[in-house]
Structure formats: structure tokens, C-alpha cells
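Note sheet for the following structure.
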Amino acid sequence: MASLASFPPPGSNALSSHLKSGIPMKYPYFLALATPSSSSSTTNTNKLISRRNVSNTRSPYKTPPLRSNENNLNGDQIKQQNDNVLLAASPVNVDLMRLCEEGKLDQVLDFMAQGAAVADYAVLLALLNLCENTKSLESGKRVHEFLRRSPFRADMELNNRLTRMYAKCGSMNDARRVFDKMRERDISSWHLLIDGYTENGLGDDALLCFTKMKQEGIRPSRESFALVLAACARAEAVKEGFMHFESMKNEYEIVPGIEHYLEVINTLGNAGHLKEAEEFIEKMPFEPTVEVWEALQTLAQNHGDLDLEDHAQELLVDLDPSKAKAFSNKLPVPSSKRQSAINMLEEKNKITEYRHNISYRGEANEKLRGLSGQIREAGYVPDTRYVLHDIDEEAKEKALQYHSERLAIAYGLISTPPRTTLRIIKNLRICGDCHNAIKIMSKIVGRELIVRDNKRFHHFKDGECSCGDYW
């Protein structure tokens, strides 16, 4: 029959032995000493159980169990405290995969940091996916360190995922370091790096990477050419784009698909060659699709060519009448089920959330007011077309000033050291007015401001954006 004994009082030799053994002492626990009986096997082991699971047991520790109304805690706070108790009390048998499936990234990393559990191959993959989906660079670096110490550190698939994670988090320097240290690479490794550079607005680097890939003796595939043409569009490299487009047909005998034609159209359009883009569409060996006219319409809108924009809209609506409603205004109209604009500022081991409909006061608010005055002096003019509410001009300008990404930047400027890069994660497309404002902010504050909206990364630095003002 098992007997229960409480931990000895502080200062005793027995307590010291428990501390040396690694048993957590943050919360009061009891040590269950299993005494084998005549009918039980001798394989019983000591178990550590929480005081709350022991009834009718006297103890010098008088910590009561958590109650739903204690200290005005809500259900989520009580659950978090219970998770913390579990973290301290469970040095073994932790189901890391279950925690990953529940999205508890920080808790899994804490378990691993304390040596309470070791991640296997599947858990490392799951952790990298979580970091990629949440765009959490700091957590990703922690996972990288665990991977570096694991038996899987040379695994090509894990290193590919690590490269992609860094690219999705907007850190191409880290992605390139991982890529350069890989002992083995496949074509997917190169694709991930090329795509990462393009998505982060570094089209020229992506083109250099493609050239290096061919020099390494890797034969480009259909996907390779789709990626390099996208890089040409980002870099506005028209001649190089047509060179690769012709090369895939003539040298590699790959028949271009719609995705390749779209990237050539984007390459011409981003470089301002709208007439050539229209002529290219007319010469395509198949009828233009909805995606083709949408691309041309967006390019014409970005360059202010109203006639071509209207023409592309007409052709688009002819193919898909459901698109007519989207063009009732030149600017996007909110859907009937409006999304709340949310921005998250990633700091070290901390993410702060901002919403456009919450009033902010204090130092961050004052900083934002000061910034608004500085950017006006630097030439910023509010574009009130992006305010869709029926209010006067002064109210529209004030509404633009308090967009959530600007609030996040203001808070980041007062809460981080000078010259620190700020990373903002936005759940909606950044509006044109904020895009112009943040370009000027980056020059004034002398920092790189990275904003990830629902389409791509925007690296604002020295008054310019990596997207080239096309997004």
C-alpha cells in the first residue's frame, strides 16, 4: 500500500536532496512513495502529484485550491494558472504534439527549455509551422536553437522549413544563413529562397539566386520559372523577364501556363509599360481569363490610367458579372460582415495587439501626434479617399491618423531602443494613405519598419518601400 509523505520543511537536509534531484518546488506537492505489496510488481515508481489531488491529507502548506471567483480571475486566467502548475509539476510524459495542435507554442517551448520534454521530428515540424503561421520571429529563433541541438540538425526537410519560416517572418538574412549552412539542398531549397526574396520585395536578390541555382547544375522546372518571373515583376526587370520567358519555351521546352503569362503582364505593368501589357494579352495563345483582366485593371489603377482601368473592368465584368459590385467604388468597399483592423507589434518575447476602434491615450498617443506633425512638415498630405464614412474632411484626416498600424508604430518607437527594427503584423491590406505615411515615418525616425499585411511584406526604410508601391 502506498504511503504519502509531505516535503520536509525548508532548511532540512531532506529538502536539499529534493532540490538536487530536480523536483520542482514552486508549488506545494506531495511525494507518493510506492511500497510494493505481495501482489504487486516491483516496477512501481515514485510519482509527483499536486496537493489539489490529495484529499484528507495534513500538510504544513495551506495553499487552497483555485476557485473561479478568487482574485476576480476569469476562466482563461484560471486555465492559464492551471497550465503553469502543470508546467512546474510534470517533468515527464508531456504530449508536445497535442499542445502544438492546440496552438500553445510558448508553452511547448517552455517545457523544452526546462528540460521537461524533448521534441521529436514531428514536433519540430509542427513548431516551425506554428512560428510561420503566427509570424513570430522570436519564437522561431528559439525553435531554431532547439533544432540546432537536436539529432535532426542536418535534416534537409527541417532546414527547408526553417528557411521558409524565416522568410515568412520577414527575416531574409536569417533565411539565407540557414540556406548557406545546409549540407544538402534540393530544388525546393532554392525555390523557398527565391520566393522568400520576392515576397520580401528583394527581386534582384531572387534573380541572383535563380542564376546561382542554374550554375549549381539544377535544371529549372515550371515552378522555377513561375518564381523567377515573379521576381522579375518585383524588380521591374522587363528584359530579363522576357529572356526567362523565352528560355523556358526554347531552351527547356516547358509550355508556359497562365501563371507564367500573368507574371509577364505584372512585369510589364509594374515597370509602367501598360500599352505593351495590353498588347501582350492580345497575343496570348488562349483567351484571357478573369485573372488576366484583374491584373491589368489593378496595374492601370496603380498607374492612374483611368481609360485602361475602365476597359479592363468592362472585359472583366463580361467574363464574371459577379465582379460588377466590387467596382461600384474605385476603392475597396467593406463587406457586409466587416473585419476589425488588427495590428500586432512583435517585441522580444511579447506581442501587443492594436485595433483601430480602440481609443489610445498616454505616451503612445502623444508620440503619434508628434509623428503626424513631423510627416506633414516632410510633405505628407492625407488622402481622405481611404475613409469610407460620411464625415467631414477634418474628421476623415483624424480617422486616418489613428489607423492601427500607426498606433502600433508609435508604441514601438517609445518602447524599444533606438534604431531597432519594428515588425508589425496586419490582418487587412494596408491602405494607400498609411503606406505613404509610413514611408515618410521610416525616414524621419531612422528605422526599418516592417509591415506584413494580408498580401505581402512591406519593408519601409529611408523613405522607400520594398514593394515599389505596388501591392
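Residues are named by chain letter and number: chains run A, B, ... in the order of the C-alpha cells, numbers start at 1 in each chain, and ligands are numbered from 1 in the order shown.
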
>> Quick one: residues within 6 Å of region 149-164 of chain A, only C-alpha atoms, excluding same-chain residues fewer than 3 positions away - as a list in words?
In response: Phe146, Ala167, Ala175, Ser189 and Leu192 of chain A

What would the file look like if the residues just selected were written as a CSV table (one decimal), in the first residue's frame with N, CA and C atoms?
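Saved file out_36.csv follows:
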chain,number,residue,atom,x,y,z
A,146,PHE,N,16.7,24.9,-30.6
A,146,PHE,CA,16.4,23.5,-30.3
A,146,PHE,C,16.8,22.6,-31.4
A,167,ALA,N,11.7,33.4,-43.8
A,167,ALA,CA,11.2,34.2,-44.9
A,167,ALA,C,9.8,34.7,-44.6
A,175,ALA,N,17.2,33.6,-43.0
A,175,ALA,CA,16.8,32.6,-44.0
A,175,ALA,C,18.0,32.2,-44.9
A,189,SER,N,14.7,23.7,-51.9
A,189,SER,CA,15.5,24.7,-51.1
A,189,SER,C,15.7,26.0,-51.8
A,192,LEU,N,12.4,28.0,-52.2
A,192,LEU,CA,12.0,28.7,-51.0
A,192,LEU,C,12.8,30.0,-50.8

Using DSSP on the backbone coordinates, identify all residues within region 225-460 of chain A classified as alpha helix (DSSP H); present the result as a tab-separated table (two decimals) with C-alpha atoms, in the first residue's frame.
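And here is the file that came out, part.tsv:
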chain	number	residue	atom	x	y	z
A	225	PHE	CA	10.13	29.83	-63.94
A	226	ALA	CA	6.94	30.99	-62.21
A	227	LEU	CA	9.07	32.11	-59.26
A	228	VAL	CA	11.77	33.82	-61.32
A	229	LEU	CA	9.16	35.66	-63.42
A	230	ALA	CA	7.52	36.85	-60.20
A	231	ALA	CA	10.96	38.10	-59.14
A	232	CYS	CA	11.25	39.96	-62.45
A	233	ALA	CA	7.89	41.60	-61.76
A	234	ARG	CA	9.06	42.67	-58.30
A	235	ALA	CA	12.37	44.02	-59.68
A	238	VAL	CA	11.41	43.68	-68.23
A	239	LYS	CA	14.27	42.48	-70.45
A	240	GLU	CA	15.28	39.75	-68.02
A	241	GLY	CA	11.65	38.69	-67.67
A	242	PHE	CA	11.25	38.14	-71.42
A	243	MET	CA	14.63	36.39	-71.53
A	244	HIS	CA	13.47	33.84	-68.93
A	245	PHE	CA	10.05	33.53	-70.58
A	246	GLU	CA	11.63	32.68	-73.94
A	247	SER	CA	14.21	30.43	-72.28
A	248	MET	CA	11.58	28.22	-70.67
A	249	LYS	CA	9.97	27.62	-74.08
A	250	ASN	CA	13.02	27.32	-76.31
A	258	ILE	CA	-1.45	31.03	-67.09
A	259	GLU	CA	0.74	31.71	-64.05
A	260	HIS	CA	3.73	32.49	-66.30
A	261	TYR	CA	1.74	34.82	-68.56
A	262	LEU	CA	0.35	36.64	-65.51
A	263	GLU	CA	3.85	37.33	-64.20
A	264	VAL	CA	4.96	38.72	-67.56
A	265	ILE	CA	1.93	41.03	-67.50
A	266	ASN	CA	2.86	42.12	-63.98
A	267	THR	CA	6.46	42.69	-65.05
A	268	LEU	CA	5.38	45.00	-67.87
A	269	GLY	CA	2.74	46.72	-65.76
A	270	ASN	CA	4.94	47.33	-62.72
A	274	LEU	CA	0.73	49.31	-69.74
A	275	LYS	CA	0.28	49.51	-73.52
A	276	GLU	CA	2.78	46.70	-74.00
A	277	ALA	CA	0.99	44.66	-71.35
A	278	GLU	CA	-2.30	45.08	-73.18
A	279	GLU	CA	-0.68	44.04	-76.48
A	280	PHE	CA	0.91	41.03	-74.80
A	281	ILE	CA	-2.54	39.92	-73.59
A	282	GLU	CA	-3.95	40.19	-77.12
A	290	VAL	CA	-10.65	36.68	-65.20
A	291	GLU	CA	-7.24	36.70	-63.51
A	292	VAL	CA	-5.66	38.38	-66.55
A	293	TRP	CA	-8.15	41.26	-66.67
A	294	GLU	CA	-7.99	41.65	-62.90
A	295	ALA	CA	-4.21	42.02	-63.12
A	296	LEU	CA	-4.47	44.62	-65.90
A	297	GLN	CA	-7.19	46.53	-64.05
A	298	THR	CA	-5.08	46.69	-60.88
A	299	LEU	CA	-2.00	47.82	-62.81
A	300	ALA	CA	-3.96	50.53	-64.61
A	301	GLN	CA	-5.40	51.70	-61.30
A	302	ASN	CA	-1.94	51.87	-59.71
A	303	HIS	CA	-0.63	53.98	-62.59
A	306	LEU	CA	-8.44	55.59	-65.98
A	307	ASP	CA	-9.33	54.67	-69.58
A	308	LEU	CA	-7.46	51.36	-69.45
A	309	GLU	CA	-8.82	50.67	-65.97
A	310	ASP	CA	-12.41	51.13	-67.18
A	311	HIS	CA	-11.75	49.00	-70.27
A	312	ALA	CA	-10.30	46.16	-68.17
A	313	GLN	CA	-13.25	46.41	-65.78
A	314	GLU	CA	-15.74	46.06	-68.64
A	315	LEU	CA	-13.99	42.96	-70.01
A	316	LEU	CA	-13.72	41.51	-66.51
A	317	VAL	CA	-17.43	42.00	-65.79
A	318	ASP	CA	-18.31	40.43	-69.15
A	319	LEU	CA	-16.49	37.28	-68.06
A	363	GLU	CA	2.65	58.40	-24.15
A	364	ALA	CA	1.94	56.39	-27.34
A	365	ASN	CA	-0.87	58.77	-28.26
A	366	GLU	CA	1.39	61.77	-27.75
A	367	LYS	CA	4.13	60.14	-29.82
A	368	LEU	CA	1.66	59.55	-32.66
A	369	ARG	CA	0.55	63.18	-32.60
A	370	GLY	CA	4.14	64.31	-32.78
A	371	LEU	CA	4.84	61.95	-35.68
A	372	SER	CA	1.76	63.18	-37.54
A	373	GLY	CA	3.07	66.74	-37.33
A	374	GLN	CA	6.54	65.71	-38.48
A	375	ILE	CA	5.36	63.81	-41.53
A	376	ARG	CA	3.15	66.74	-42.57
A	377	GLU	CA	6.20	69.01	-42.45
A	393	GLU	CA	-12.77	66.36	-44.07
A	394	GLU	CA	-11.26	67.20	-40.69
A	395	ALA	CA	-12.78	64.10	-39.11
A	396	LYS	CA	-11.54	61.99	-42.03
A	397	GLU	CA	-7.98	63.24	-41.54
A	398	LYS	CA	-8.17	62.42	-37.82
A	399	ALA	CA	-9.52	58.95	-38.58
A	400	LEU	CA	-6.56	58.26	-40.87
A	401	GLN	CA	-4.13	59.43	-38.20
A	404	SER	CA	-3.99	50.78	-36.06
A	405	GLU	CA	-0.65	50.30	-37.81
A	406	ARG	CA	0.33	53.87	-36.95
A	407	LEU	CA	-0.61	53.30	-33.31
A	408	ALA	CA	1.50	50.15	-33.26
A	409	ILE	CA	4.48	52.02	-34.71
A	410	ALA	CA	4.12	54.86	-32.20
A	411	TYR	CA	4.11	52.42	-29.29
A	412	GLY	CA	7.08	50.55	-30.74
A	413	LEU	CA	9.10	53.75	-31.03
A	414	ILE	CA	8.71	54.59	-27.33
A	415	SER	CA	9.14	51.03	-26.03
A	432	GLY	CA	-2.60	53.74	-49.60
A	433	ASP	CA	-2.62	56.66	-47.16
A	434	CYS	CA	-0.90	54.68	-44.39
A	435	HIS	CA	1.58	53.33	-46.94
A	436	ASN	CA	2.60	56.88	-47.88
A	437	ALA	CA	2.68	57.99	-44.24
A	438	ILE	CA	4.86	55.09	-43.06
A	439	LYS	CA	7.35	55.65	-45.90
A	440	ILE	CA	7.90	59.17	-44.59
A	441	MET	CA	7.97	57.93	-40.96
A	442	SER	CA	10.78	55.49	-41.75
A	443	LYS	CA	12.95	58.35	-42.97
A	444	ILE	CA	12.14	60.59	-40.02
A	445	VAL	CA	12.75	58.00	-37.27

> Separation of CA of Gly170 (chain A) and CA of Leu137 (chain A), in Å?
Replying inline: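 Straight-line distance from CA of Gly170 (chain A) to CA of Leu137 (chain A) works out to 8.2 Å.
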
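When CA of Asp305 (chain A) is paired with CA of Arg385 (chain A), their separation reads 17.5 Å.
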
>> Between CA of Gln215 (chain A) and CA of Tyr252 (chain A), what is the distance in Å, rounded to a tenth?
In response: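 These two atoms are separated by 15.2 Å.
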
>> Neighbouring residues of region 446-454 of chain A were defined as those with any atom within 8 Å, considering only C-alpha atoms; residues of the same chain fewer than 6 positions away were excluded. Please report them as a ChimeraX atom specification.
In response: /A:170,409,418-430,438,460-462

Would you put the residues from that selection into a file with C-alpha atoms, as a PDB file, in the first residue's frame?
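Output (result.pdb):
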ATOM      1  CA  GLY A 170      10.406  38.797 -42.865  1.00  0.00           C
ATOM      2  CA  ILE A 409       4.484  52.017 -34.713  1.00  0.00           C
ATOM      3  CA  PRO A 418      16.771  53.491 -30.961  1.00  0.00           C
ATOM      4  CA  ARG A 419      17.431  52.001 -34.420  1.00  0.00           C
ATOM      5  CA  THR A 420      15.591  48.789 -33.502  1.00  0.00           C
ATOM      6  CA  THR A 421      13.613  47.310 -36.395  1.00  0.00           C
ATOM      7  CA  LEU A 422       9.851  47.272 -35.731  1.00  0.00           C
ATOM      8  CA  ARG A 423       7.737  44.393 -37.049  1.00  0.00           C
ATOM      9  CA  ILE A 424       4.001  44.973 -37.477  1.00  0.00           C
ATOM     10  CA  ILE A 425       1.590  42.169 -38.431  1.00  0.00           C
ATOM     11  CA  LYS A 426      -1.652  43.420 -40.013  1.00  0.00           C
ATOM     12  CA  ASN A 427      -4.701  41.277 -40.776  1.00  0.00           C
ATOM     13  CA  LEU A 428      -6.011  43.527 -43.583  1.00  0.00           C
ATOM     14  CA  ARG A 429      -4.474  45.159 -46.649  1.00  0.00           C
ATOM     15  CA  ILE A 430      -2.576  48.334 -45.758  1.00  0.00           C
ATOM     16  CA  ILE A 438       4.856  55.094 -43.060  1.00  0.00           C
ATOM     17  CA  PHE A 460       9.914  50.638 -45.161  1.00  0.00           C
ATOM     18  CA  LYS A 461      13.384  52.173 -44.967  1.00  0.00           C
ATOM     19  CA  ASP A 462      14.811  55.618 -45.727  1.00  0.00           C
TER      20      ASP A 462
END

>> Here is a test: counting only C-alpha atoms, which residue of A:Ile187, A:Met172, A:Ile254, A:Met165 is nearest to Asn200 (chain A)?
In response: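 That would be A:Met172, the residue with the smallest distance to Asn200 (chain A).
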